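Shown next, in structure tokens, is the structure this report addresses.
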Amino acid sequence: MHLIFAMILASFIALSGTPNQATPPQSPAPRFVNTLMPQPAHLSTREGRLTLTPSFAAITDGYRDARLDAAIARSLDRLKTQTSISIPTSPPASSTSGALVVSVDGPGETIQSADEDESYSLEVTPLGVGLHAATVVGAMRGLETLQQLVQSDATGYFVPAVSIRDTPRFRWRGLMIDCGRHFMPVDVIRRTLDGMAAVKLNVFHWHLSEDQGFRIESRAFPRLAGLGSDGLFYTQEQAREIVAYARDRGIRVVPEFDIPGHTSAWFVGYPDLASAPGPFHIEREFGVFDPVMDPTRESTYKFLDTFIGEMAAIFPDHFMHIGGDENNGVQWKANPRIRAFMREHNLRDTAALQNHFNRRLLKILEKHGKHVIGWDEILNPDLPKDIVVQSWRGFDSLATGARNGYSSILSAGYYLNLMSTAAAHYMVDPLPQASGLNPEEQARILGGEACMWTEQTASQDIDSRIWPRAAAIAERLWSPRDVDNVDDMYRRLTVESLRLEALGLTHISQKAASLRQLARTQQIGPLHILASILAPVTFNERAHIQHPNQLTPLNQFVDALPPDPPSRHNFELLMSAYLQDSATRLQQEAELTTNFKAWIAAEPGLLHLMAGSPLLAQAEPRAQQLTVLGTMGLEAVSYLSSGLPAAAGWRAEKLAVLDETEKPQALVRFTVIKPLRDLVNAVPEAPNK
Ligand code: ACM
């Protein structure tokens, strides 16, 4: 323990007399309820708790700077908001009355890299909190843990006594947002960064150019955003502000300029960059398109040199992402001049030509002090080993890259836009036990990134597409490999979700707000009941059924619904407890019955709401199915509780109904079909006569 910490604790005791005066002396020692997300590497619990009172203040002992002071002030402010205890947010005038002592060795890296030391230790006793870290970034990670430790009971708010030593498993823990297909305003980015910091993500990968939009101001080439963005772009000043905001939270910003494909929007203003004659337009559809940069002309490289130089001055990170994905090569193969170039340079196919382009590009990036990261298409043994490969097409490229000496990060399995469950993402490990990689190769797996592609997501619903599922991915990337209990993850995710909402994210509140708008009334009780057991169809299903493009309004019923509603997992738990015939079966039976009755009772109100709302009308069959499901549930529970068998054929009939009900309709599907199937299957049937 630092000397000053001990002194402060001693004086704290002297000043406050008996600590925890608000706690009745006979109150039982509080049980530590672990709601940390991500789980720390090492945690041990102790007796007792630190009661939060207005005398809780923070002081620094050791290195301090404006970034650290601001992080501490934000942290205290959040505690104050959470507890309504008037905790002072500026350091106390006298340095002897602190209950949080932040002791930091040094500032950390001037430009944060994947090598930044993010470790910290946190000691909570009934007398105070000691936070120690080698760097300011480590201290920020510890402050987030402290936030998550705060609990409450009838006696007030407190921090349970614990000892934590924590360090991340992976060094690169990112979130990518595609701001090309749908532009995300600065306040969305800011609150996303707040959420990222809360769950210890450390790379914001900013996808800034796409066929559907070029999203950052270039002064050298004003027609990029000028003609390629519909007026929706970040000014350089805004981009710098985001970089600073992220750095204040220990988050790197890696910008992506996706080239040579996915570049239609560049060519609207600068058609000479393309491999075919223009004119070009901002692409409104989604998919893979032909427009691609011309890699055979010196003017292309001259342009990129100037552009990258300009961007390098805005984005200080050591890495710049060059995209490199999904170039279909069509324009290259169709252009006689480009074909001749390929023959001349012995480039046997368009992949080889793209590799030629990448090698030129690498030199330009190097000139501007940048390392390259790209999607896994760029992987080629010709490229120098200091590039980083982002695996999105599968796990194989991650391992292949590592075997060939390339550092890589995993995104396959972390695509938030696919509308998978948090559990599905959680079980994807960049470095599973049986990776088949030797220790040197394993060390090249830097981590992973969650990816939020925005074909089907706009600014009003992006929070609910990212959160809280990204927190499960954040845990996978931070915590030890053996932290993998899905039930426990969901238990903590529910709490983390609420904490993220307190930070200003709208992933919970957006649902009710959208439902009110759809229903055109505040009286949406029945709609809540239906919506709570529905989730969007998968990304691919929606693409096939609806064919949304950039101009499709994303304000339908499906857009209001979170991809993995808490009710899905909770209902599964309830049903499995019930079917296991536990001692509490009667309680579960009552709970199930209440649910089923509520589903049935909701139908008339739903039909009424739907009749008045063209946007809800498409979901009308779902209202009727709610009654069917509720009735089926009641019947099954009644057979099981009476012990009487159903008539022969009952199960087959109900299972067929469930199969039908499970199909996508109104772009949504029920989340309760599997447990209902288990329920139906558990019902005994009379033998066939
Ligand atoms: C990608 O999803 N095209 C990287």
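A note on labels: chains of the structure tokens are A, B, ... as shown, every chain counts residues from 1, and ligands are counted from 1 in their shown order.
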Surroundings of ligand 1 up to 8 Å, based on only C-alpha atoms and all ligand atoms, as an NGL selection string = :A and (323 or 325-326 or 375 or 392-393 or 453)
What residues in stretch 331-386 of chain A get the DSSP label strand (DSSP E)? Please answer as a ChimeraX atom specification.
-> /A:371-375
Near A:Gln236, counting only C-alpha atoms, which residues have an atom at most 12 Å away, once you skip same-chain residues fewer than 2 positions from it, shown as a ChimeraX atom specification?
-> /A:215-220,222,225,233-234,238-243,310-315
Save the residues we just selected, N, CA and C atoms, as a tab-separated table (two decimals), in the first residue's frame?
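Result file is selection_39.tsv:
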chain	number	residue	atom	x	y	z
A	215	ARG	N	-17.58	10.22	-45.99
A	215	ARG	CA	-18.08	10.89	-44.80
A	215	ARG	C	-17.12	11.81	-44.06
A	216	ILE	N	-16.00	12.21	-44.70
A	216	ILE	CA	-15.16	13.17	-43.98
A	216	ILE	C	-14.69	14.25	-44.94
A	217	GLU	N	-14.64	15.46	-44.39
A	217	GLU	CA	-14.21	16.61	-45.18
A	217	GLU	C	-12.74	16.44	-45.59
A	218	SER	N	-12.48	16.62	-46.89
A	218	SER	CA	-11.09	16.73	-47.35
A	218	SER	C	-10.95	18.13	-47.94
A	219	ARG	N	-9.94	18.85	-47.46
A	219	ARG	CA	-9.74	20.21	-48.02
A	219	ARG	C	-8.97	20.11	-49.32
A	220	ALA	N	-8.14	19.07	-49.43
A	220	ALA	CA	-7.40	18.89	-50.67
A	220	ALA	C	-8.34	18.46	-51.80
A	222	PRO	N	-12.15	18.67	-52.10
A	222	PRO	CA	-13.44	19.02	-51.50
A	222	PRO	C	-14.64	18.32	-52.15
A	225	ALA	N	-16.38	14.74	-50.13
A	225	ALA	CA	-17.58	14.86	-49.28
A	225	ALA	C	-18.59	15.78	-49.95
A	233	PHE	N	-21.53	14.49	-43.55
A	233	PHE	CA	-20.12	14.13	-43.36
A	233	PHE	C	-19.60	14.82	-42.11
A	234	TYR	N	-18.43	14.35	-41.63
A	234	TYR	CA	-17.78	14.96	-40.47
A	234	TYR	C	-16.81	16.02	-40.95
A	238	GLN	N	-14.65	18.24	-36.36
A	238	GLN	CA	-15.43	17.22	-35.63
A	238	GLN	C	-14.63	15.92	-35.48
A	239	ALA	N	-13.92	15.55	-36.54
A	239	ALA	CA	-13.12	14.32	-36.47
A	239	ALA	C	-12.04	14.46	-35.40
A	240	ARG	N	-11.41	15.62	-35.36
A	240	ARG	CA	-10.38	15.85	-34.32
A	240	ARG	C	-10.99	15.80	-32.92
A	241	GLU	N	-12.18	16.36	-32.80
A	241	GLU	CA	-12.86	16.31	-31.49
A	241	GLU	C	-13.15	14.87	-31.07
A	242	ILE	N	-13.57	14.06	-32.02
A	242	ILE	CA	-13.85	12.65	-31.70
A	242	ILE	C	-12.57	11.93	-31.29
A	243	VAL	N	-11.49	12.21	-32.01
A	243	VAL	CA	-10.20	11.59	-31.65
A	243	VAL	C	-9.82	11.98	-30.22
A	310	GLU	N	-3.21	14.16	-45.73
A	310	GLU	CA	-4.17	15.04	-45.07
A	310	GLU	C	-4.86	14.31	-43.90
A	311	MET	N	-5.25	13.08	-44.11
A	311	MET	CA	-5.95	12.31	-43.07
A	311	MET	C	-4.99	11.92	-41.93
A	312	ALA	N	-3.73	11.68	-42.29
A	312	ALA	CA	-2.75	11.29	-41.26
A	312	ALA	C	-2.57	12.40	-40.23
A	313	ALA	N	-2.80	13.63	-40.67
A	313	ALA	CA	-2.65	14.75	-39.75
A	313	ALA	C	-3.85	14.87	-38.80
A	314	ILE	N	-4.95	14.24	-39.17
A	314	ILE	CA	-6.16	14.30	-38.33
A	314	ILE	C	-6.21	13.11	-37.37
A	315	PHE	N	-5.75	11.96	-37.87
A	315	PHE	CA	-5.85	10.72	-37.08
A	315	PHE	C	-4.46	10.28	-36.64
Please indicate the distance in Å from atom CA of A:Gly231 to atom CA of A:Pro316, rounded to one decimal place.
->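 One can read the atom CA of A:Gly231 to atom CA of A:Pro316 distance as 25.5 Å.
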Expressed in Å to a single decimal, how great is the separation between atom CA of A:Arg171 and atom CA of A:Arg444?
->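 So the answer is 10.5 Å.
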Polymer residues at most 7 Å from stretch 549-558 of chain A, only C-alpha atoms, same-chain spacing of 2 or more positions, as a PyMOL selection string = chain A and resi 181+284-286+455+457-458+536+547+560-561+615-616+667-668
Selection above as a file: C-alpha atoms, as a PDB file, in the first residue's frame:
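Generated output (again-v8.pdb):
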ATOM      1  CA  ARG A 181     -24.079   3.361 -45.570  1.00  0.00           C
ATOM      2  CA  ARG A 284     -28.279   3.615 -53.035  1.00  0.00           C
ATOM      3  CA  GLU A 285     -28.413  -0.177 -53.145  1.00  0.00           C
ATOM      4  CA  PHE A 286     -26.350  -2.480 -50.950  1.00  0.00           C
ATOM      5  CA  GLU A 455     -27.327  -1.450 -44.286  1.00  0.00           C
ATOM      6  CA  THR A 457     -29.430   0.408 -39.170  1.00  0.00           C
ATOM      7  CA  ALA A 458     -29.735   4.172 -38.867  1.00  0.00           C
ATOM      8  CA  PRO A 536     -35.838  -8.989 -35.840  1.00  0.00           C
ATOM      9  CA  HIS A 547     -34.426  -5.520 -50.118  1.00  0.00           C
ATOM     10  CA  ALA A 560     -38.061  -0.965 -32.755  1.00  0.00           C
ATOM     11  CA  LEU A 561     -37.134  -4.441 -31.556  1.00  0.00           C
ATOM     12  CA  LEU A 615     -46.953   0.589 -39.949  1.00  0.00           C
ATOM     13  CA  LEU A 616     -48.191  -1.896 -37.340  1.00  0.00           C
ATOM     14  CA  LEU A 667     -39.675  -9.060 -40.585  1.00  0.00           C
ATOM     15  CA  VAL A 668     -39.782 -10.449 -37.039  1.00  0.00           C
TER      16      VAL A 668
END
